[in-house]
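Let me begin by presenting the structure, written as structure tokens, before commenting on it.
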Amino acid sequence: MIICVCHRVSDKTIAHCARSGMGFDDIQLELGVATQCGQCEGCARSLWSECVPRHAVAHLQREGQKAQAIPG
């Protein structure tokens with residue numbers, strides 16, 4: 001589906017860029033998303049945030065403490 005009509009950028013392209021680690025600013029610079037009329041910005045940012053890789057959070061513990069799981 002085309003997300004940015006002005007620059008003809010699809011959801012697949014935005015998702016691929018996000019998964020490869022590109023920031024939203026980088027996507028705007030490279031592809032022109034949300035740089036012309038701006039109507040796609042909300043949808044494009046939402047899609048980007050759903051696809052951007054999340055980094056696991058390490059939890060350090062003191063000796064003798066029980067380990068806790070922290071959602072990441």
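Residue numbers start at 1 in each chain; chains themselves are named A, B, ... in the order of the structure tokens; ligands are numbered from 1 in the order shown.
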Next on the checklist: Report as a ChimeraX atom specification all protein, DNA and RNA residues lying within 12 Å of A:Ile27, evaluated on only C-alpha atoms, omitting residues in the same chain fewer than 3 positions from it.
Outcome noted: /A:4,7,9-10,13-24,30-35,41,44-45,47-48,52
Next on the checklist: Could you pull out the alpha helix (DSSP H) residues of stretch 5-63 of chain A, going by DSSP on the backbone, and write them as a list in words?
Outcome noted: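 Listing alpha helix (DSSP H) positions across stretch 5-63 of chain A yields Asp11, Lys12, Thr13, Ile14, Ala15, His16, Cys17, Ala18, Arg19, Phe24, Asp25, Asp26, Ile27, Gln28, Leu29, Glu30, Leu31, Glu41, Gly42, Cys43, Ala44, Arg45, Ser46, Leu47, Trp48, Ser49, Glu50 and Cys51 of chain A.
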Next on the checklist: Taking only C-alpha atoms into account, name the residue in A:Asp11, A:Asp26, A:Arg54, A:Ile3 that is nearest to A:Cys40.
Outcome noted: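 That would be A:Ile3, the residue with the smallest distance to A:Cys40.
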Checklist entry - DSSP on the backbone: what in stretch 1-49 of chain A comes out strand (DSSP E), as a ChimeraX atom specification? => result /A:2-4,9-10
Based on the selection just made, write N, CA, C and O atoms of those residues as a PDB file, in the first residue's frame.
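What landed in selection.pdb:
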ATOM      1  N   ILE A   2       0.533   2.220  -0.766  1.00  0.00           N
ATOM      2  CA  ILE A   2       1.287   3.471  -0.823  1.00  0.00           C
ATOM      3  C   ILE A   2       0.952   4.309   0.416  1.00  0.00           C
ATOM      4  O   ILE A   2      -0.206   4.577   0.687  1.00  0.00           O
ATOM      5  N   ILE A   3       1.974   4.699   1.148  1.00  0.00           N
ATOM      6  CA  ILE A   3       1.806   5.533   2.339  1.00  0.00           C
ATOM      7  C   ILE A   3       2.007   6.998   1.970  1.00  0.00           C
ATOM      8  O   ILE A   3       1.204   7.846   2.303  1.00  0.00           O
ATOM      9  N   CYS A   4       3.100   7.293   1.277  1.00  0.00           N
ATOM     10  CA  CYS A   4       3.390   8.660   0.854  1.00  0.00           C
ATOM     11  C   CYS A   4       3.064   8.780  -0.635  1.00  0.00           C
ATOM     12  O   CYS A   4       3.806   8.276  -1.485  1.00  0.00           O
ATOM     13  N   VAL A   9       5.905   6.176  -1.880  1.00  0.00           N
ATOM     14  CA  VAL A   9       6.645   5.285  -0.982  1.00  0.00           C
ATOM     15  C   VAL A   9       5.646   4.345  -0.317  1.00  0.00           C
ATOM     16  O   VAL A   9       4.658   4.792   0.267  1.00  0.00           O
ATOM     17  N   SER A  10       5.932   3.058  -0.390  1.00  0.00           N
ATOM     18  CA  SER A  10       5.007   2.052   0.130  1.00  0.00           C
ATOM     19  C   SER A  10       5.283   1.704   1.589  1.00  0.00           C
ATOM     20  O   SER A  10       6.353   1.990   2.134  1.00  0.00           O
TER      21      SER A  10
END
